[in-house]
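Raw contents of protein_27.txt, compact mmCIF, C-alpha atoms and all ligand atoms:
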```
# COMPACT_ATOMS: atom_id res chain seq x y z
CA SER Q 1 0.00 0.00 0.00
CA ALA Q 2 1.10 3.56 -0.66
CA VAL Q 3 0.25 4.71 2.86
CA ARG Q 4 1.79 1.89 4.86
CA LYS Q 5 5.52 1.13 4.91
CA PRO Q 6 6.19 -2.54 4.14
CA TRP Q 7 7.36 -4.65 7.09
CA ILE Q 8 9.19 -7.95 6.66
CA GLY Q 9 10.17 -10.12 9.61
CA GLY Q 10 12.28 -13.24 9.77
CA ASN Q 11 11.34 -15.61 12.60
CA TRP Q 12 14.27 -17.95 13.13
CA LYS Q 13 12.29 -19.94 15.72
CA CYS Q 14 14.46 -22.32 17.81
CA ASN Q 15 17.21 -22.66 15.19
CA GLY Q 16 20.85 -21.73 15.17
CA THR Q 17 24.36 -22.73 16.07
CA ARG Q 18 27.16 -20.22 16.49
CA ALA Q 19 28.34 -21.21 13.02
CA SER Q 20 24.95 -21.03 11.28
CA VAL Q 21 24.14 -17.67 12.88
CA GLU Q 22 27.51 -16.34 11.79
CA ALA Q 23 26.85 -17.52 8.23
CA LEU Q 24 23.36 -15.99 8.17
CA ILE Q 25 24.64 -12.63 9.42
CA THR Q 26 27.39 -12.66 6.80
CA SER Q 27 24.91 -13.51 4.06
CA LEU Q 28 22.40 -10.82 5.10
CA ASN Q 29 25.11 -8.19 5.45
CA ALA Q 30 26.19 -8.86 1.86
CA ALA Q 31 22.66 -9.10 0.41
CA THR Q 32 20.80 -6.50 -1.59
CA LEU Q 33 17.97 -5.32 0.67
CA PRO Q 34 15.42 -2.53 0.32
CA ALA Q 35 16.58 0.81 1.70
CA PRO Q 36 15.43 1.58 5.26
CA GLU Q 37 13.07 4.25 3.88
CA ALA Q 38 11.43 1.62 1.65
CA ALA Q 39 10.77 -1.14 4.19
CA ASP Q 40 11.23 -2.16 7.81
CA ILE Q 41 13.23 -5.39 8.03
CA VAL Q 42 13.36 -7.28 11.31
CA ILE Q 43 15.04 -10.57 12.15
CA SER Q 44 14.20 -12.59 15.23
CA PRO Q 45 16.84 -15.01 16.52
CA PRO Q 46 16.54 -17.08 19.70
CA TYR Q 47 17.33 -15.13 22.90
CA LEU Q 48 20.91 -16.43 23.24
CA PHE Q 49 21.85 -14.98 19.85
CA LEU Q 50 20.15 -11.58 20.22
CA GLU Q 51 23.21 -9.73 21.44
CA THR Q 52 25.55 -11.17 18.80
CA VAL Q 53 23.10 -10.54 15.99
CA GLN Q 54 22.38 -7.02 17.22
CA ALA Q 55 26.10 -6.26 17.32
CA ARG Q 56 26.97 -7.74 13.93
CA ILE Q 57 23.98 -7.22 11.65
CA ARG Q 58 23.92 -4.18 9.34
CA PRO Q 59 22.34 -1.30 11.26
CA GLU Q 60 19.26 -0.92 9.06
CA VAL Q 61 18.06 -4.43 9.97
CA HIS Q 62 16.20 -4.48 13.28
CA VAL Q 63 16.37 -7.33 15.79
CA ALA Q 64 13.35 -8.77 17.60
CA ALA Q 65 12.82 -11.31 20.37
CA GLN Q 66 10.36 -14.17 19.86
CA ASP Q 67 8.58 -13.79 23.22
CA CYS Q 68 8.75 -12.12 26.62
CA ASN Q 69 6.80 -12.53 29.83
CA ALA Q 70 3.88 -10.43 31.00
CA LYS Q 71 5.24 -10.10 34.51
CA GLY Q 72 8.57 -8.31 34.49
CA MET Q 73 11.54 -9.17 36.68
CA GLY Q 74 11.12 -11.68 39.46
CA ALA Q 75 10.46 -15.29 40.33
CA TYR Q 76 9.58 -16.46 36.80
CA THR Q 77 12.15 -19.18 36.15
CA GLY Q 78 12.91 -19.76 32.52
CA SER Q 79 11.35 -16.59 31.18
CA ILE Q 80 12.73 -13.32 29.84
CA SER Q 81 11.26 -9.93 30.71
CA ALA Q 82 10.45 -7.01 28.44
CA GLU Q 83 12.70 -4.96 30.75
CA MET Q 84 15.65 -7.17 29.75
CA LEU Q 85 14.91 -6.76 26.06
CA HIS Q 86 14.73 -3.00 26.56
CA GLU Q 87 18.02 -3.01 28.48
CA PHE Q 88 19.73 -4.88 25.65
CA GLY Q 89 18.37 -2.48 23.02
CA ILE Q 90 16.03 -5.06 21.52
CA ASN Q 91 13.15 -2.84 20.47
CA THR Q 92 10.73 -5.34 18.98
CA VAL Q 93 9.10 -8.53 20.20
CA ILE Q 94 6.92 -11.12 18.46
CA LEU Q 95 4.12 -12.27 20.78
CA GLY Q 96 1.52 -15.02 20.63
CA HIS Q 97 3.03 -16.90 17.72
CA SER Q 98 0.88 -19.98 17.02
CA GLU Q 99 3.70 -22.17 18.34
CA ARG Q 100 3.53 -20.27 21.66
CA ARG Q 101 -0.24 -20.67 21.70
CA ASP Q 102 -0.42 -24.31 20.63
CA ILE Q 103 2.74 -25.86 22.12
CA PHE Q 104 3.10 -23.65 25.21
CA HIS Q 105 -0.63 -23.18 25.77
CA GLU Q 106 -0.69 -19.39 25.78
CA THR Q 107 -4.21 -17.99 25.76
CA SER Q 108 -5.27 -14.87 23.88
CA GLU Q 109 -5.64 -13.13 27.26
CA GLU Q 110 -2.05 -13.98 28.26
CA VAL Q 111 -0.77 -12.86 24.87
CA ALA Q 112 -2.60 -9.56 25.31
CA LEU Q 113 -1.05 -9.02 28.76
CA LYS Q 114 2.40 -9.64 27.26
CA CYS Q 115 1.58 -7.08 24.57
CA LYS Q 116 0.55 -4.53 27.18
CA LYS Q 117 3.73 -5.12 29.17
CA ALA Q 118 6.03 -4.86 26.14
CA LEU Q 119 4.31 -1.67 24.96
CA SER Q 120 4.72 -0.17 28.45
CA LEU Q 121 8.48 -0.60 28.04
CA GLY Q 122 8.36 1.21 24.70
CA LEU Q 123 8.85 -1.89 22.58
CA ASP Q 124 7.26 -2.44 19.18
CA ILE Q 125 5.15 -5.59 19.19
CA VAL Q 126 4.16 -8.14 16.59
CA PRO Q 127 1.15 -10.04 17.93
CA CYS Q 128 0.28 -13.10 15.83
CA ILE Q 129 -3.22 -14.32 15.12
CA GLY Q 130 -4.70 -16.94 12.83
CA GLU Q 131 -7.12 -19.81 12.49
CA HIS Q 132 -6.50 -23.56 12.42
CA ARG Q 133 -7.36 -25.70 9.41
CA GLU Q 134 -10.64 -27.02 10.83
CA GLU Q 135 -11.70 -23.50 11.70
CA ARG Q 136 -11.16 -22.29 8.14
CA LEU Q 137 -12.90 -25.36 6.72
CA SER Q 138 -15.92 -24.70 8.93
CA GLY Q 139 -16.10 -21.05 7.85
CA ARG Q 140 -14.97 -19.66 11.21
CA THR Q 141 -11.81 -17.82 10.10
CA ASN Q 142 -13.09 -14.30 10.75
CA GLU Q 143 -14.77 -15.27 14.02
CA ILE Q 144 -11.52 -16.79 15.36
CA CYS Q 145 -9.31 -13.93 14.22
CA PHE Q 146 -11.72 -11.27 15.46
CA ALA Q 147 -11.82 -12.91 18.92
CA GLN Q 148 -8.01 -12.86 19.01
CA LEU Q 149 -8.02 -9.17 18.02
CA ALA Q 150 -10.69 -8.37 20.63
CA ALA Q 151 -8.50 -9.93 23.35
CA LEU Q 152 -5.64 -7.68 22.21
CA ALA Q 153 -7.88 -4.62 22.08
CA ALA Q 154 -8.85 -5.18 25.72
CA GLN Q 155 -5.24 -4.34 26.65
CA ILE Q 156 -3.95 -2.11 23.84
CA THR Q 157 -4.97 1.52 23.46
CA ASP Q 158 -2.13 2.89 21.33
CA TRP Q 159 -1.76 0.83 18.13
CA SER Q 160 1.04 2.91 16.62
CA HIS Q 161 3.71 0.43 17.79
CA VAL Q 162 1.85 -2.66 16.66
CA VAL Q 163 2.30 -4.79 13.53
CA VAL Q 164 -0.31 -7.56 13.34
CA ALA Q 165 0.85 -10.85 11.84
CA TYR Q 166 -1.96 -12.85 10.28
CA GLU Q 167 -0.65 -16.39 10.20
CA PRO Q 168 -3.15 -19.11 9.32
CA VAL Q 169 -1.89 -22.06 11.35
CA TRP Q 170 -2.47 -24.51 8.49
CA ALA Q 171 0.00 -22.53 6.39
CA ILE Q 172 2.84 -22.33 8.92
CA GLY Q 173 5.75 -24.59 8.08
CA THR Q 174 3.57 -26.71 5.82
CA GLY Q 175 4.41 -25.37 2.37
CA LEU Q 176 0.66 -24.79 2.06
CA VAL Q 177 0.69 -21.04 1.43
CA ALA Q 178 -2.57 -19.06 1.44
CA THR Q 179 -3.55 -17.99 -2.05
CA PRO Q 180 -3.34 -14.26 -2.68
CA ALA Q 181 -7.17 -14.23 -2.76
CA GLN Q 182 -7.39 -15.96 0.63
CA ALA Q 183 -4.79 -13.65 2.15
CA GLN Q 184 -6.39 -10.51 0.74
CA GLU Q 185 -9.87 -11.52 1.86
CA THR Q 186 -8.80 -12.12 5.47
CA HIS Q 187 -6.51 -9.07 5.63
CA ALA Q 188 -9.36 -6.88 4.38
CA ALA Q 189 -11.68 -8.41 6.99
CA LEU Q 190 -9.11 -7.72 9.74
CA ARG Q 191 -8.75 -4.12 8.59
CA GLY Q 192 -12.54 -3.89 8.62
CA TRP Q 193 -12.53 -5.11 12.22
CA PHE Q 194 -10.15 -2.28 13.16
CA ARG Q 195 -12.40 0.22 11.37
CA GLU Q 196 -15.43 -0.98 13.30
CA HIS Q 197 -13.90 -1.60 16.72
CA VAL Q 198 -10.93 0.80 17.01
CA SER Q 199 -10.90 3.67 14.51
CA ALA Q 200 -10.68 4.51 10.82
CA GLU Q 201 -7.25 6.02 11.48
CA VAL Q 202 -5.88 2.81 12.99
CA ALA Q 203 -7.55 0.70 10.27
CA ASN Q 204 -5.84 2.75 7.58
CA THR Q 205 -2.41 2.89 9.17
CA ILE Q 206 -1.86 -0.41 10.99
CA ARG Q 207 0.36 -2.84 9.17
CA ILE Q 208 -1.08 -6.32 8.78
CA VAL Q 209 1.50 -8.81 7.52
CA TYR Q 210 0.96 -12.32 6.24
CA GLY Q 211 2.82 -15.38 7.49
CA GLY Q 212 2.68 -19.01 6.43
CA SER Q 213 5.04 -20.68 3.97
CA VAL Q 214 6.11 -17.42 2.34
CA SER Q 215 8.93 -18.03 -0.13
CA GLY Q 216 10.95 -16.22 -2.74
CA ALA Q 217 8.68 -17.80 -5.34
CA ASN Q 218 5.26 -16.88 -3.90
CA SER Q 219 6.07 -13.53 -2.24
CA ALA Q 220 5.80 -11.30 -5.30
CA GLU Q 221 2.20 -12.28 -5.95
CA LEU Q 222 1.19 -11.97 -2.27
CA ALA Q 223 2.91 -8.59 -2.09
CA ARG Q 224 0.48 -7.24 -4.68
CA CYS Q 225 -2.52 -7.76 -2.35
CA PRO Q 226 -3.57 -4.25 -1.30
CA ASP Q 227 -4.13 -5.17 2.36
CA VAL Q 228 -0.98 -7.29 2.75
CA ASP Q 229 1.63 -4.92 4.19
CA GLY Q 230 4.47 -7.37 4.51
CA PHE Q 231 5.40 -10.82 5.73
CA LEU Q 232 6.43 -12.77 8.77
CA VAL Q 233 8.71 -15.45 7.36
CA GLY Q 234 9.73 -18.63 9.17
CA GLY Q 235 11.65 -21.30 7.27
CA ALA Q 236 12.75 -19.09 4.39
CA SER Q 237 14.20 -16.51 6.80
CA LEU Q 238 17.06 -18.94 7.49
CA LYS Q 239 18.09 -18.86 3.84
CA PRO Q 240 19.48 -16.25 1.44
CA GLU Q 241 15.96 -16.33 -0.06
CA PHE Q 242 14.90 -13.95 2.75
CA ALA Q 243 16.58 -11.06 0.93
CA ALA Q 244 14.57 -11.83 -2.22
CA ILE Q 245 11.34 -11.84 -0.19
CA CYS Q 246 12.25 -8.42 1.23
CA GLN Q 247 12.95 -7.12 -2.26
CA ASN Q 248 9.66 -8.48 -3.57
CA MET Q 249 7.72 -6.67 -0.84
CA ALA Q 250 9.40 -3.27 -1.07
C1 LIG Z 301 6.31 -18.40 11.13
O1 LIG Z 301 6.92 -19.13 11.89
O2 LIG Z 301 5.91 -17.32 11.53
C2 LIG Z 301 6.08 -18.87 9.76
C3 LIG Z 301 5.25 -18.20 9.00
O3 LIG Z 301 6.76 -20.00 9.34
P1 LIG Z 301 6.93 -20.55 7.81
O4 LIG Z 301 7.28 -19.34 6.97
O5 LIG Z 301 8.03 -21.52 7.88
O6 LIG Z 301 5.62 -21.12 7.41
```
Rendering of file as structure tokens:
Amino acid sequence: SAVRKPWIGGNWKCNGTRASVEALITSLNAATLPAPEAADIVISPPYLFLETVQARIRPEVHVAAQDCNAKGMGAYTGSISAEMLHEFGINTVILGHSERRDIFHETSEEVALKCKKALSLGLDIVPCIGEHREERLSGRTNEICFAQLAALAAQITDWSHVVVAYEPVWAIGTGLVATPAQAQETHAALRGWFREHVSAEVANTIRIVYGGSVSGANSAELARCPDVDGFLVGGASLKPEFAAICQNMA
């Protein structure tokens, strides 16, 4: 869209050795990427690699964490606080990825509290929403996504630091990418939800990015959907292909 700056994120998930992270940084630093005025590019390594990636990646590429807690500092063994991300200069965090929801049993309410906490620290957030296969097949896609947005809206008042990732769960890591028509239809419905339940201003300006088996090959067509403002990329973000996806979106 002409009014919304493209946003492309690379979610590395729980992948990486010192050697593979080094190789990925080297490859991205040498790649042709859109200029920072043309697109926001964000990569999200596992926590242990955040500091190395932040120090070594070209400055126009932003670094995001894949989660944080809703609580802050304290007796929360195994978790990382938004305060820590802020202290380390990590300015963005992905929250409520479907793997967090499905494998680690995070509810929409917990995800929303994490969003509120991260925003209170001044972080940019990337809450993820999306329906499962059975939900789409039974015609409940909008209902499911709207309920996830409503849970977020119960905790978020300022949407200017929010990028929403629409990631149909059936498309994540499956190679089963949404068609451009499917993506556009749902993105338009989500924008409509913002128009009805938040404001026309937020509906027009909020970036809604698509995730689910995005590749170098399918990204150009998806990028032409008027309500698709970018991508959250999993598998392909670990490959040089990520640069091509960024180029196709910008
Ligand atoms: C993701 O993890 O957010 C994702 C979309 O994964 P993939 O691109 O591998 O489907």
*asked:* Could you list, as a PyMOL selection string, every residue within 10 Å of His132 of chain Q, counting all atoms listed in the file and ignoring same-chain residues fewer than 4 positions away?
replied: chain Q and resi 98+136-137+140-141+144+167-171
Please produce a file of those selected residues containing C-alpha atoms, as an mmCIF file, in the frame of the given file.
```cif
data_model
loop_
_atom_site.group_PDB
_atom_site.id
_atom_site.type_symbol
_atom_site.label_atom_id
_atom_site.label_comp_id
_atom_site.auth_asym_id
_atom_site.auth_seq_id
_atom_site.Cartn_x
_atom_site.Cartn_y
_atom_site.Cartn_z
ATOM 1 C CA SER Q 98 0.880 -19.980 17.020
ATOM 2 C CA ARG Q 136 -11.160 -22.290 8.140
ATOM 3 C CA LEU Q 137 -12.900 -25.360 6.720
ATOM 4 C CA ARG Q 140 -14.970 -19.660 11.210
ATOM 5 C CA THR Q 141 -11.810 -17.820 10.100
ATOM 6 C CA ILE Q 144 -11.520 -16.790 15.360
ATOM 7 C CA GLU Q 167 -0.650 -16.390 10.200
ATOM 8 C CA PRO Q 168 -3.150 -19.110 9.320
ATOM 9 C CA VAL Q 169 -1.890 -22.060 11.350
ATOM 10 C CA TRP Q 170 -2.470 -24.510 8.490
ATOM 11 C CA ALA Q 171 0.000 -22.530 6.390
#
```
_Need the shell around segment 184-198 of chain Q: protein/DNA/RNA residues with any atom at most 9 Å away, counting only C-alpha atoms. Skip same-chain ones fewer than 6 positions apart. Format as a VMD selection string?_
chain Q and resid 141 to 142 145 to 146 149 to 150 153 157 166 204 206 208 to 210 222 225 to 228
Could I get the residue neighbourhood of ligand LIG 301 (chain Z) at 9 Å, counting only C-alpha atoms and all ligand atoms, as a PDB file with C-alpha atoms, in the frame of the given file?
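Okay, this is what ended up in out_12.pdb:
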```pdb
ATOM      1  CA  GLY Q   9      10.170 -10.120   9.610  1.00  0.00           C
ATOM      2  CA  GLY Q  10      12.280 -13.240   9.770  1.00  0.00           C
ATOM      3  CA  ASN Q  11      11.340 -15.610  12.600  1.00  0.00           C
ATOM      4  CA  TRP Q  12      14.270 -17.950  13.130  1.00  0.00           C
ATOM      5  CA  LYS Q  13      12.290 -19.940  15.720  1.00  0.00           C
ATOM      6  CA  HIS Q  97       3.030 -16.900  17.720  1.00  0.00           C
ATOM      7  CA  SER Q  98       0.880 -19.980  17.020  1.00  0.00           C
ATOM      8  CA  GLU Q  99       3.700 -22.170  18.340  1.00  0.00           C
ATOM      9  CA  CYS Q 128       0.280 -13.100  15.830  1.00  0.00           C
ATOM     10  CA  ALA Q 165       0.850 -10.850  11.840  1.00  0.00           C
ATOM     11  CA  GLU Q 167      -0.650 -16.390  10.200  1.00  0.00           C
ATOM     12  CA  PRO Q 168      -3.150 -19.110   9.320  1.00  0.00           C
ATOM     13  CA  VAL Q 169      -1.890 -22.060  11.350  1.00  0.00           C
ATOM     14  CA  TRP Q 170      -2.470 -24.510   8.490  1.00  0.00           C
ATOM     15  CA  ALA Q 171       0.000 -22.530   6.390  1.00  0.00           C
ATOM     16  CA  ILE Q 172       2.840 -22.330   8.920  1.00  0.00           C
ATOM     17  CA  GLY Q 173       5.750 -24.590   8.080  1.00  0.00           C
ATOM     18  CA  THR Q 174       3.570 -26.710   5.820  1.00  0.00           C
ATOM     19  CA  GLY Q 175       4.410 -25.370   2.370  1.00  0.00           C
ATOM     20  CA  LEU Q 176       0.660 -24.790   2.060  1.00  0.00           C
ATOM     21  CA  VAL Q 177       0.690 -21.040   1.430  1.00  0.00           C
ATOM     22  CA  TYR Q 210       0.960 -12.320   6.240  1.00  0.00           C
ATOM     23  CA  GLY Q 211       2.820 -15.380   7.490  1.00  0.00           C
ATOM     24  CA  GLY Q 212       2.680 -19.010   6.430  1.00  0.00           C
ATOM     25  CA  SER Q 213       5.040 -20.680   3.970  1.00  0.00           C
ATOM     26  CA  VAL Q 214       6.110 -17.420   2.340  1.00  0.00           C
ATOM     27  CA  SER Q 215       8.930 -18.030  -0.130  1.00  0.00           C
ATOM     28  CA  PHE Q 231       5.400 -10.820   5.730  1.00  0.00           C
ATOM     29  CA  LEU Q 232       6.430 -12.770   8.770  1.00  0.00           C
ATOM     30  CA  VAL Q 233       8.710 -15.450   7.360  1.00  0.00           C
ATOM     31  CA  GLY Q 234       9.730 -18.630   9.170  1.00  0.00           C
ATOM     32  CA  GLY Q 235      11.650 -21.300   7.270  1.00  0.00           C
ATOM     33  CA  ALA Q 236      12.750 -19.090   4.390  1.00  0.00           C
ATOM     34  CA  SER Q 237      14.200 -16.510   6.800  1.00  0.00           C
TER      35      SER Q 237
END
```
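Residues with any atom within 8 Å of Trp7 of chain Q, counting only C-alpha atoms and excluding same-chain neighbours fewer than 2 positions away, are Lys5, Gly9, Ala39, Asp40, Ile41, Val42, Arg207, Val209, Asp229, Gly230 and Phe231 of chain Q.
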*Mind checking which residues fall within 8 Å of Lys116 of chain Q, counting only C-alpha atoms, ignoring those fewer than 2 positions away in the same chain, and posting them as a PyMOL selection string?*
chain Q and resi 70+112-114+118-120+155-156
*Hey, which of Q:Asn91, Q:Thr17, Q:Ser219, Q:Thr107 ends up closest to Gln54 of chain Q? Count all atoms listed in the file.*
Q:Asn91
Would you mind putting N, CA and C atoms back on segment 85-105 of chain Q and writing the result as an mmCIF file, in the frame of the given file?
```cif
data_model
loop_
_atom_site.group_PDB
_atom_site.id
_atom_site.type_symbol
_atom_site.label_atom_id
_atom_site.label_comp_id
_atom_site.auth_asym_id
_atom_site.auth_seq_id
_atom_site.Cartn_x
_atom_site.Cartn_y
_atom_site.Cartn_z
ATOM 1 N N LEU Q 85 14.803 -7.070 27.492
ATOM 2 C CA LEU Q 85 14.910 -6.760 26.060
ATOM 3 C C LEU Q 85 15.226 -5.286 25.886
ATOM 4 N N HIS Q 86 14.500 -4.454 26.618
ATOM 5 C CA HIS Q 86 14.730 -3.000 26.560
ATOM 6 C C HIS Q 86 16.163 -2.678 26.940
ATOM 7 N N GLU Q 87 16.648 -3.274 28.018
ATOM 8 C CA GLU Q 87 18.020 -3.010 28.480
ATOM 9 C C GLU Q 87 19.063 -3.376 27.430
ATOM 10 N N PHE Q 88 18.779 -4.433 26.667
ATOM 11 C CA PHE Q 88 19.730 -4.880 25.650
ATOM 12 C C PHE Q 88 19.514 -4.178 24.305
ATOM 13 N N GLY Q 89 18.609 -3.215 24.255
ATOM 14 C CA GLY Q 89 18.370 -2.480 23.020
ATOM 15 C C GLY Q 89 17.608 -3.272 21.982
ATOM 16 N N ILE Q 90 16.889 -4.290 22.425
ATOM 17 C CA ILE Q 90 16.030 -5.060 21.520
ATOM 18 C C ILE Q 90 14.661 -4.384 21.556
ATOM 19 N N ASN Q 91 14.304 -3.746 20.463
ATOM 20 C CA ASN Q 91 13.150 -2.840 20.470
ATOM 21 C C ASN Q 91 11.867 -3.451 19.952
ATOM 22 N N THR Q 92 11.915 -4.706 19.562
ATOM 23 C CA THR Q 92 10.730 -5.340 18.980
ATOM 24 C C THR Q 92 10.576 -6.739 19.561
ATOM 25 N N VAL Q 93 9.328 -7.163 19.743
ATOM 26 C CA VAL Q 93 9.100 -8.530 20.200
ATOM 27 C C VAL Q 93 7.870 -9.126 19.512
ATOM 28 N N ILE Q 94 8.031 -10.334 19.009
ATOM 29 C CA ILE Q 94 6.920 -11.120 18.460
ATOM 30 C C ILE Q 94 6.187 -11.733 19.661
ATOM 31 N N LEU Q 95 4.871 -11.696 19.655
ATOM 32 C CA LEU Q 95 4.120 -12.270 20.780
ATOM 33 C C LEU Q 95 2.953 -13.103 20.269
ATOM 34 N N GLY Q 96 2.691 -14.203 20.975
ATOM 35 C CA GLY Q 96 1.520 -15.020 20.630
ATOM 36 C C GLY Q 96 1.641 -15.748 19.309
ATOM 37 N N HIS Q 97 2.878 -16.055 18.904
ATOM 38 C CA HIS Q 97 3.030 -16.900 17.720
ATOM 39 C C HIS Q 97 2.235 -18.193 17.930
ATOM 40 N N SER Q 98 1.736 -18.785 16.864
ATOM 41 C CA SER Q 98 0.880 -19.980 17.020
ATOM 42 C C SER Q 98 1.617 -21.109 17.739
ATOM 43 N N GLU Q 99 2.956 -21.142 17.604
ATOM 44 C CA GLU Q 99 3.700 -22.170 18.340
ATOM 45 C C GLU Q 99 3.679 -21.892 19.848
ATOM 46 N N ARG Q 100 3.671 -20.623 20.237
ATOM 47 C CA ARG Q 100 3.530 -20.270 21.660
ATOM 48 C C ARG Q 100 2.122 -20.652 22.140
ATOM 49 N N ARG Q 101 1.139 -20.368 21.298
ATOM 50 C CA ARG Q 101 -0.240 -20.670 21.700
ATOM 51 C C ARG Q 101 -0.477 -22.176 21.768
ATOM 52 N N ASP Q 102 -0.046 -22.897 20.743
ATOM 53 C CA ASP Q 102 -0.420 -24.310 20.630
ATOM 54 C C ASP Q 102 0.498 -25.242 21.426
ATOM 55 N N ILE Q 103 1.797 -24.960 21.439
ATOM 56 C CA ILE Q 103 2.740 -25.860 22.120
ATOM 57 C C ILE Q 103 2.901 -25.464 23.583
ATOM 58 N N PHE Q 104 2.890 -24.133 23.836
ATOM 59 C CA PHE Q 104 3.100 -23.650 25.210
ATOM 60 C C PHE Q 104 1.812 -23.146 25.857
ATOM 61 N N HIS Q 105 0.699 -23.413 25.193
ATOM 62 C CA HIS Q 105 -0.630 -23.180 25.770
ATOM 63 C C HIS Q 105 -0.907 -21.742 26.189
#
```
